[in-house]
Every structure is written in C-alpha cells, then in structure tokens.
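Remarks on the structure that follows.
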Amino acid sequence: MVKPNRMTQISQLAEFGLFDARVPRYTSYPTAPHFSADVGPSDFAQWVRAIKPYSQISLYLHVPFCRRLCWFCACRTQGTSSDAPLRAYAKTLLAEIDLLRAILPQGVTLSRLHWGGGTPTLMPAAMITELGQAIFALAPLAKGGEFSVEIDPNEIDAARLRALTDLGMNRASIGVQDFDPEVQTAIGRSQPFYLTRQVGDMIRDAGIFALNVDILFGLPHQTEARMAESVMQLISLSPSRVALYGYAHVPWMSRRQQMIPTAALPTPQERLHLFELASDLLGEAGYQAVGIDHFALSEDNMAKAAKTGQLRRNFQGYTDDTADVLLGLGASSISRLPQGFAQNASRTADYAAAIENKRFSVQRGHRFSPEDHLRGAMIEQLMCEFRIDRARIAQRLGYHPAALDELLNTSFAAFQSVVTLDAEGLKVPPEARPLTRLIAQSLDGYNRAAAQHSAAV
Ligand code: SF4
C-alpha cells in the first residue's frame, strides 16, 4: 500500500505537471534545438585559436556507426554490415585532426578524451590505434587525465580491447538498458547478461577498474520485479558508476522507435516508481546518488566531485571534468568553448565533404550572451546540486549576487510550495527532486517546443 505522505508527494508532483511535462535534460544551455546557423566554421576556428596555450581541454570523438540499429535508441547513427564506411570515416577524422593541429595553440593537453557513438568499438584494432595515436599527437593526455570509451559487449574482442588499453584507455562504459529477455526483444536489442558479465571481466582483466554502466527505466514490459532483477544483476558487475536514464520515447524524432509497442510502456507514475526502486537498490548497495540520474561508489571521482561542488553537466550527462573547452570530432559532434557552442554537420556525407574541402564542418551553434552565462550557470548548478548558490555563481561570473534575484524570484514563485529561497539561494529538498528539470525550465530564457523533448520523469 502507498503510504499517505508518499501519496501527498505524488499528488504534489502531479500538480506541477511532472507526469505530463516534456522538458529538456539540460545537458547544455541553451539546448541543442535552439542552435542556429549563426555559428560557422570560421567562428569555430577563431574560438579554437583563442584557447590558452598549455591549458587542459576535453575532446569527444563520435563514431556514428553500429552493426545494427536498436529500436529504442534515438542516437544519430547508421547501420553498416561492412568496415568500408568506417574506413572512409576514420580517414575523415584524421583529416579533421590535421585541421585542428594547424590552429590549436601549443602545449594543450587533454584532461578528458571520450569516444562515443554509435559504436566506437566497431572500429578494427588497427584503426583504433591509428586514430588514438593521431589524437595524442595533437594533444597528449594530461597527467591524471581520463580516456574513456563506450564499449558494446556485442562488438568487442581481445584485439580491440588491447588496442584501446595500449593507447591508455582508463575508463570503460557499457550500455545495458535492461537484462530481461522480453524487454530486450521489445526494444530490438539483444545483450544477454552472461555476455555483459564476460566483457566486464575482460575489461577488469585488462587492468581497467573504472567501469560505467548505463541502465534504462521506462522501457516496454518493464515491471518493478523485472527492474529489481536487472538492477541486482547490474550491481553484481560492480560498476564504479551507474547512469539510470529514463527511456525517451520520441518516435516523431526517431523513426526506429515506431517499432516499440507503445501500449507496453509504463505510465509516467510507473516510471517514477521504477526510478525510485532502482535508486533505492543502488543506494542500499553503497552507491551515492549524483545529480538527477547518476550513482557512484564513494571512491569514484564523480562521487568526490559531487561532494566538493566540482560536478558539471555535459553532453554525456554529468562529469567531474572542469575544463572549459570541449572539442567535438566527427559528424554531429558539439564543441563547447567559452564563446559558445559549435556543432558539426549531422549527416556524415556533409561532414566528410566539408573536411575534404579542408574546412571545418560546423553548421550550427550558439554564441553565448552574458544572460546565457547567468541562466546556464544557474541551471547547471541546479541540475548538479539541487540548489542555486547566489554567492558562488555571482563570484564565478563576476556579478553582484543581486544579479540573480530576478531569476531566483521567478523560479521560486512558480515552485514555492516545494522549494525554499533564502539569502544563500534556492534549494530543492529531496522529495521535490523529481521536479528538478521542470524547475530548470523555469530559468530557461528560450522558447521551447515542448513536444520535441522527452518526458520529465
Ligand atoms: S544502442 Fe548502441 S548499438 Fe544500438 S543503435 Fe544505439 S548506439 Fe547503436
């Protein structure tokens, strides 16, 4: 039976529209749909030239290819049965690295290098080595830096793993979704538990103990019993970090999702229960909640960053990386620099055509205004710490604390029955945390097409 105070909490969350709302995940501010064609290749080149010599930056490499396309996945990626498109793509990446080499100020090192996709481990071992060496010739990994790679258990073998570890990969990330066979069938993704376990063991045997695992709630046919079973199996893999994402059903944006049986999807209230169940199990197993959807063991750097106020939001969700420059390589990659965002062409053919013509493929982006900096810093802190600390943000941006008043008051007015506002700033208590994305939205200064986003829970 649901306890009375729990019922009050649920009806309060419902009052704010949690179960109907569609809101951004605020991995950036402004969010990517707001980017425009105002930012192009020459702006990007100018911003890169302005990077401080000898500073630390982050680099993201995107590989938009998969062996087969899973129905639930809204990632921009292409299916390929041969390595030919990968070879052509790797050649373009090498040429893009050359373009960067010509303008990147000297002495720059990488605090983070992340390879994602798609399926980066689709690349054969020799290609992995060639790309990795080219990246580190452009900018070596800084001391204490992190090189992480998304590893698909269906697409990895000893040679590819060896190529990655020889390059210095020191964190691996595995996507799980759910281990239940019926759920896997309904989302068009087969990945048995034994295989995931085998790959987890392989990664550890290779000396890599920093392991991230992602799991989804809100998938078709997911019940509390199945969710509990999957989370317990996941915990048995002993990951150091877990991301617990809500499945975003957006078939109008991702046509593959039309294969998902909509009638078998949990209701928004059931989604909240699934999330809370998984969070409780992770908490009982010793994982600390980090932000709205991450969990980490206390010795993991992300848990430490959350404790010390160093946690940041990035396109992967959360990060403990404090570099203020992130360069994106590959089709559709987004770079973030102090001046703004720059996104490469999304279509691989357009991306390749630009690079072949010896120019960056940036097609859209956003130039930050002082107001973007203020709203973005407030949203980021809210998403990371469930509060907005007036003095810290004002100090970081060089403003008087009163500069935050108007926005804080607006947010407070909209959520005053569930949040608090005092001299320090705005705080979201634990029972109102499911509303965090909605509260963040109250600070968003851009018009939003609500239907484009995923469910708020
Ligand atoms: S889940 Fe992974 S393998 Fe499946 S389509 Fe998405 S990126 Fe590709």
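Residues are referred to by chain and number: the chain letter is A, B, ... according to the order shown in the structure tokens, the number counts from 1 in that chain, and ligands are numbered separately from 1 in the order shown.
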Mind listing the residues within 10 Å of ligand 1, only C-alpha atoms and all ligand atoms counted, as a VMD selection string?
-> chain A and resid 63 to 79 116 to 120 122 150 to 155 174 to 177 187 to 190 256
Would you mind exporting the chosen residues as a compact mmCIF listing (two decimals), in the first residue's frame, restricted to C-alpha atoms?
# COMPACT_ATOMS: atom_id res chain seq x y z
CA VAL A 63 31.58 7.28 -34.32
CA PRO A 64 28.10 7.23 -35.90
CA PHE A 65 28.02 3.59 -37.00
CA CYS A 66 26.52 0.44 -35.49
CA ARG A 67 26.28 -3.13 -36.70
CA ARG A 68 22.52 -3.00 -36.29
CA LEU A 69 20.14 -0.31 -35.13
CA CYS A 70 18.35 -0.91 -31.83
CA TRP A 71 14.77 0.33 -31.91
CA PHE A 72 14.83 2.20 -28.61
CA CYS A 73 17.93 4.22 -29.44
CA ALA A 74 17.50 7.80 -30.64
CA CYS A 75 21.24 8.29 -31.28
CA ARG A 76 22.16 9.62 -34.69
CA THR A 77 23.87 6.53 -36.12
CA GLN A 78 23.90 4.40 -39.26
CA GLY A 79 23.82 0.62 -39.56
CA GLY A 116 31.21 7.57 -28.07
CA GLY A 117 28.63 6.88 -30.70
CA GLY A 118 27.16 4.85 -32.21
CA THR A 119 29.62 2.09 -31.56
CA PRO A 120 33.28 3.17 -31.40
CA LEU A 122 33.08 -1.31 -34.27
CA GLU A 150 31.80 3.28 -24.87
CA ILE A 151 32.15 -0.46 -25.31
CA ASP A 152 29.41 -2.53 -26.93
CA PRO A 153 29.58 -6.06 -25.46
CA ASN A 154 28.36 -7.39 -28.83
CA GLU A 155 31.23 -5.66 -30.62
CA ILE A 174 28.86 -0.29 -21.13
CA GLY A 175 25.22 0.27 -22.05
CA VAL A 176 22.83 -2.28 -20.60
CA GLN A 177 19.23 -0.94 -20.93
CA ILE A 187 13.38 -2.73 -27.78
CA GLY A 188 15.22 -4.60 -30.55
CA ARG A 189 18.43 -5.07 -28.60
CA SER A 190 19.82 -8.46 -27.65
CA ARG A 256 13.04 3.37 -35.27
Any chance you could tabulate, as a Markdown table, the residues of segment 290-399 of chain A at most 7 Å from segment 51-58 of chain A with each one's nearest atom pair and distance in Å to one decimal, using only C-alpha atoms, in chain and rising number order?
| residue | atom | partner | partner_atom | distance |
| --- | --- | --- | --- | --- |
| A:Ala323 | CA | A:Ile57 | CA | 5.3 |
| A:Asp324 | CA | A:Ile57 | CA | 6.9 |
| A:Val325 | CA | A:Ile57 | CA | 5.1 |
| A:Leu326 | CA | A:Ser58 | CA | 4.5 |
| A:Leu327 | CA | A:Ser58 | CA | 6.3 |
Kindly export the residues of the current selection with N, CA and C atoms, as a tab-separated table (two decimals), in the first residue's frame.
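Result saved to part26.tsv:
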chain	number	residue	atom	x	y	z
A	323	ALA	N	37.44	21.30	-17.28
A	323	ALA	CA	37.96	22.06	-18.43
A	323	ALA	C	36.83	22.90	-19.05
A	324	ASP	N	37.16	24.14	-19.46
A	324	ASP	CA	36.07	24.95	-20.01
A	324	ASP	C	36.02	24.88	-21.54
A	325	VAL	N	36.84	23.98	-22.11
A	325	VAL	CA	36.77	23.76	-23.56
A	325	VAL	C	36.56	22.27	-23.82
A	326	LEU	N	35.57	21.98	-24.64
A	326	LEU	CA	35.35	20.60	-25.10
A	326	LEU	C	35.29	20.66	-26.61
A	327	LEU	N	36.20	19.96	-27.28
A	327	LEU	CA	36.17	19.94	-28.74
A	327	LEU	C	35.55	18.63	-29.20
Using atom CA of Ala278 of chain A and atom CA of Ala228 of chain A as the two end points, give the distance in Å to one decimal.
->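 Computed distance, atom CA of Ala278 of chain A to atom CA of Ala228 of chain A, equals 6.6 Å.
Among the candidates A:Thr420, A:Ser346, A:Gln339, A:Thr262, the one nearest to His221 of chain A when counting only C-alpha atoms is A:Thr262.
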So, counting only C-alpha atoms, which residue among A:Arg162, A:Arg226, A:Gly145, A:Ile208 is closest to Pro181 of chain A?
->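 Closest residue, counting only C-alpha atoms: A:Arg226.
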Report as number ranges by chain: the residues of segment 107-249 of chain A with a DSSP assignment of alpha helix (DSSP H), based on the backbone of this structure.
-> A: 125-138, 158-167, 181-187, 193-205, 224-236
Could you write out that same residue set with C-alpha atoms as an mmCIF file, in the first residue's frame?
data_model
loop_
_atom_site.group_PDB
_atom_site.id
_atom_site.type_symbol
_atom_site.label_atom_id
_atom_site.label_comp_id
_atom_site.auth_asym_id
_atom_site.auth_seq_id
_atom_site.Cartn_x
_atom_site.Cartn_y
_atom_site.Cartn_z
ATOM 1 C CA ALA A 125 42.089 -2.671 -33.786
ATOM 2 C CA ALA A 126 44.472 -1.067 -36.300
ATOM 3 C CA MET A 127 42.030 1.796 -36.925
ATOM 4 C CA ILE A 128 41.628 2.355 -33.182
ATOM 5 C CA THR A 129 45.404 2.589 -32.819
ATOM 6 C CA GLU A 130 45.861 4.954 -35.758
ATOM 7 C CA LEU A 131 43.126 7.327 -34.551
ATOM 8 C CA GLY A 132 44.257 7.245 -30.942
ATOM 9 C CA GLN A 133 47.856 7.976 -31.910
ATOM 10 C CA ALA A 134 46.756 10.878 -34.114
ATOM 11 C CA ILE A 135 44.712 12.370 -31.274
ATOM 12 C CA PHE A 136 47.531 12.080 -28.756
ATOM 13 C CA ALA A 137 49.964 13.594 -31.284
ATOM 14 C CA LEU A 138 47.566 16.556 -31.467
ATOM 15 C CA ALA A 158 40.696 -9.122 -27.249
ATOM 16 C CA ALA A 159 42.485 -7.333 -30.115
ATOM 17 C CA ARG A 160 40.275 -4.227 -29.986
ATOM 18 C CA LEU A 161 40.394 -4.068 -26.202
ATOM 19 C CA ARG A 162 44.180 -4.418 -26.327
ATOM 20 C CA ALA A 163 44.421 -1.592 -28.862
ATOM 21 C CA LEU A 164 42.410 0.633 -26.510
ATOM 22 C CA THR A 165 44.362 -0.240 -23.378
ATOM 23 C CA ASP A 166 47.686 0.185 -25.220
ATOM 24 C CA LEU A 167 46.544 3.717 -26.044
ATOM 25 C CA PRO A 181 14.818 -11.012 -22.456
ATOM 26 C CA GLU A 182 11.223 -9.862 -23.099
ATOM 27 C CA VAL A 183 12.184 -6.229 -22.574
ATOM 28 C CA GLN A 184 15.241 -6.683 -24.829
ATOM 29 C CA THR A 185 13.076 -8.213 -27.580
ATOM 30 C CA ALA A 186 10.603 -5.322 -27.340
ATOM 31 C CA ILE A 187 13.384 -2.735 -27.775
ATOM 32 C CA PHE A 193 23.636 -10.912 -19.058
ATOM 33 C CA TYR A 194 26.348 -13.580 -19.441
ATOM 34 C CA LEU A 195 27.861 -11.639 -22.371
ATOM 35 C CA THR A 196 27.843 -8.349 -20.467
ATOM 36 C CA ARG A 197 29.448 -10.082 -17.488
ATOM 37 C CA GLN A 198 32.100 -11.681 -19.737
ATOM 38 C CA VAL A 199 33.012 -8.307 -21.252
ATOM 39 C CA GLY A 200 33.037 -6.659 -17.805
ATOM 40 C CA ASP A 201 35.509 -9.350 -16.666
ATOM 41 C CA MET A 202 37.619 -8.883 -19.799
ATOM 42 C CA ILE A 203 37.834 -5.142 -19.097
ATOM 43 C CA ARG A 204 38.875 -5.742 -15.491
ATOM 44 C CA ASP A 205 41.394 -8.399 -16.532
ATOM 45 C CA GLU A 224 9.057 -3.486 -10.734
ATOM 46 C CA ALA A 225 10.100 -7.146 -10.395
ATOM 47 C CA ARG A 226 11.992 -7.075 -13.687
ATOM 48 C CA MET A 227 13.592 -3.742 -12.879
ATOM 49 C CA ALA A 228 14.729 -5.043 -9.478
ATOM 50 C CA GLU A 229 16.200 -8.168 -11.092
ATOM 51 C CA SER A 230 18.069 -6.148 -13.738
ATOM 52 C CA VAL A 231 19.436 -3.673 -11.192
ATOM 53 C CA MET A 232 20.654 -6.524 -8.951
ATOM 54 C CA GLN A 233 22.376 -8.132 -11.957
ATOM 55 C CA LEU A 234 23.928 -4.784 -12.809
ATOM 56 C CA ILE A 235 25.174 -4.323 -9.232
ATOM 57 C CA SER A 236 26.769 -7.794 -9.430
#
One-decimal distance in Å that lies between atom CA of Gln416 of chain A and atom CA of Gln9 of chain A =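 Between these atoms lies a distance of 14.6 Å.
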Which residues, written as a tab-separated table (two decimals) with C-alpha atoms, in the first residue's frame, have at least one atom at most 10 Å from segment 297-306 of chain A, with only C-alpha atoms counted and residues fewer than 6 positions away on the same chain left out?
chain	number	residue	atom	x	y	z
A	210	ALA	CA	36.75	2.34	-13.67
A	211	LEU	CA	33.60	0.94	-15.26
A	238	SER	CA	30.44	-3.95	-9.59
A	239	PRO	CA	30.49	-0.84	-11.78
A	240	SER	CA	32.06	2.23	-10.21
A	241	ARG	CA	29.40	4.47	-11.81
A	242	VAL	CA	25.84	3.87	-12.91
A	282	LEU	CA	21.64	1.25	-5.79
A	283	GLY	CA	21.67	3.24	-2.55
A	285	ALA	CA	24.34	-1.38	-2.46
A	286	GLY	CA	26.53	1.59	-1.45
A	287	TYR	CA	26.14	3.86	-4.47
A	288	GLN	CA	25.80	7.58	-3.81
A	289	ALA	CA	23.24	9.48	-5.83
A	290	VAL	CA	24.89	12.07	-8.06
A	291	GLY	CA	22.67	14.68	-9.70
A	312	ARG	CA	29.48	19.67	-14.06
A	318	TYR	CA	27.48	14.54	-15.68
A	319	THR	CA	31.24	14.91	-15.47
A	320	ASP	CA	33.92	15.70	-12.94
A	321	ASP	CA	35.91	17.41	-15.68
A	322	THR	CA	36.40	21.12	-15.07
A	384	CYS	CA	24.18	19.11	-10.24
A	385	GLU	CA	23.45	20.13	-6.65
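You can rank A:Leu104, A:Met123, A:Leu237, A:Leu244 by their closest distance to Ser279 of chain A using only C-alpha atoms, and at the top of that list sits A:Leu244.
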From segment 5-207 of chain A, collect each residue whose DSSP state is strand (DSSP E) and return the set as a tab-separated table (two decimals) with C-alpha atoms, in the first residue's frame.
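Now in part_19.tsv:
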chain	number	residue	atom	x	y	z
A	56	GLN	CA	43.82	21.45	-20.47
A	57	ILE	CA	40.82	20.77	-22.71
A	58	SER	CA	38.48	17.84	-23.31
A	59	LEU	CA	37.94	16.02	-26.58
A	60	TYR	CA	34.98	13.96	-27.72
A	61	LEU	CA	35.14	11.66	-30.73
A	62	HIS	CA	31.89	10.48	-32.28
A	63	VAL	CA	31.58	7.28	-34.32
A	65	PHE	CA	28.02	3.59	-37.00
A	66	CYS	CA	26.52	0.44	-35.49
A	78	GLN	CA	23.90	4.40	-39.26
A	79	GLY	CA	23.82	0.62	-39.56
A	109	THR	CA	46.76	18.65	-23.21
A	110	LEU	CA	43.63	16.56	-22.69
A	111	SER	CA	42.01	16.30	-19.30
A	112	ARG	CA	39.39	14.00	-20.85
A	113	LEU	CA	39.13	12.05	-24.06
A	114	HIS	CA	35.86	10.24	-24.66
A	115	TRP	CA	34.91	8.04	-27.61
A	116	GLY	CA	31.21	7.57	-28.07
A	117	GLY	CA	28.63	6.88	-30.70
A	141	LEU	CA	46.55	13.05	-22.27
A	142	ALA	CA	47.30	15.28	-19.26
A	143	LYS	CA	48.70	13.74	-16.07
A	144	GLY	CA	45.71	12.25	-14.25
A	145	GLY	CA	43.61	12.61	-17.42
A	146	GLU	CA	40.90	10.17	-18.33
A	147	PHE	CA	40.43	8.29	-21.61
A	148	SER	CA	37.03	6.63	-21.70
A	149	VAL	CA	35.35	4.58	-24.39
A	150	GLU	CA	31.80	3.28	-24.87
A	171	ARG	CA	37.62	4.05	-18.10
A	172	ALA	CA	35.11	1.94	-19.97
A	173	SER	CA	31.40	2.43	-20.37
A	174	ILE	CA	28.86	-0.29	-21.13
A	175	GLY	CA	25.22	0.27	-22.05
A	176	VAL	CA	22.83	-2.28	-20.60
A	177	GLN	CA	19.23	-0.94	-20.93
Pick from A:Gln363, A:Thr31, A:Gln46, A:Thr308 nearest to Leu100 of chain A, counting only C-alpha atoms = A:Gln46
Per-residue nearest contacts segment 258-343 of chain A to segment 428-449 of chain A, cut-off 12 Å, using only C-alpha atoms, as CSV:
residue,atom,partner,partner_atom,distance
A:Pro268,CA,A:Pro434,CA,11.8
A:Gln269,CA,A:Pro434,CA,11.5
A:Arg271,CA,A:Pro434,CA,11.3
A:Leu272,CA,A:Pro434,CA,8.3
A:His273,CA,A:Pro434,CA,11.2
A:Phe275,CA,A:Pro434,CA,9.9
A:Glu276,CA,A:Pro434,CA,9.8
A:Ala289,CA,A:Pro430,CA,11.2
A:Val290,CA,A:Arg433,CA,11.9
A:Gly291,CA,A:Arg433,CA,9.4
A:Ile292,CA,A:Arg433,CA,7.5
A:Asp293,CA,A:Pro434,CA,10.0
Contacts of Glu424 of chain A at 12 Å or less, counting only C-alpha atoms, minus same-chain residues fewer than 6 places along, as a list in words?
-> Arg387, Ile388, Asp389, Arg390, Ala391, Arg392, Ile393, Ala394, Pro401, Ala402, Leu404, Asp405 and Leu408 of chain A
Mind dumping the selected residues with N, CA and C atoms as a compact mmCIF listing (two decimals), in the first residue's frame?
# COMPACT_ATOMS: atom_id res chain seq x y z
N ARG A 387 20.41 22.93 -5.94
CA ARG A 387 20.31 24.24 -5.32
C ARG A 387 21.01 25.26 -6.21
N ILE A 388 20.70 26.51 -5.96
CA ILE A 388 21.39 27.58 -6.67
C ILE A 388 21.97 28.50 -5.61
N ASP A 389 23.29 28.51 -5.56
CA ASP A 389 24.00 29.25 -4.52
C ASP A 389 24.34 30.65 -5.07
N ARG A 390 23.61 31.63 -4.59
CA ARG A 390 23.73 33.00 -5.07
C ARG A 390 25.20 33.48 -5.11
N ALA A 391 25.90 33.33 -3.96
CA ALA A 391 27.25 33.91 -3.85
C ALA A 391 28.24 33.20 -4.78
N ARG A 392 28.14 31.86 -4.85
CA ARG A 392 29.11 31.12 -5.67
C ARG A 392 28.98 31.46 -7.15
N ILE A 393 27.74 31.52 -7.60
CA ILE A 393 27.55 31.81 -9.03
C ILE A 393 27.95 33.25 -9.33
N ALA A 394 27.57 34.16 -8.45
CA ALA A 394 27.92 35.58 -8.67
C ALA A 394 29.44 35.73 -8.72
N PRO A 401 25.76 39.55 -6.29
CA PRO A 401 24.76 38.50 -6.02
C PRO A 401 23.33 38.92 -6.37
N ALA A 402 23.04 40.22 -6.31
CA ALA A 402 21.67 40.68 -6.61
C ALA A 402 21.29 40.43 -8.07
N LEU A 404 21.21 37.80 -9.51
CA LEU A 404 20.47 36.55 -9.63
C LEU A 404 19.03 36.68 -9.13
N ASP A 405 18.74 37.80 -8.47
CA ASP A 405 17.46 37.93 -7.77
C ASP A 405 16.24 37.68 -8.65
N LEU A 408 15.86 34.04 -9.61
CA LEU A 408 15.55 33.22 -8.43
C LEU A 408 14.10 33.45 -7.99
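Of note, atom CA of Ile103 of chain A and atom CA of His34 of chain A are spaced 27.9 Å apart.
Residue neighbourhood of Phe360 of chain A, excluding near-sequence residues (fewer than 5 positions): Gly40, Pro41, Ser42, Phe44, Ala45, Glu96, Leu99, Leu100, Asn344, Tyr351, Ala354 and Ile355 of chain A, at 9 Å, using only C-alpha atoms.
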With distances taken over only C-alpha atoms, which of A:Ser333, A:Gln343, A:Ser411, A:Gln316 is nearest to Met378 of chain A?
->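 The answer is A:Ser411, which sits nearest to Met378 of chain A.
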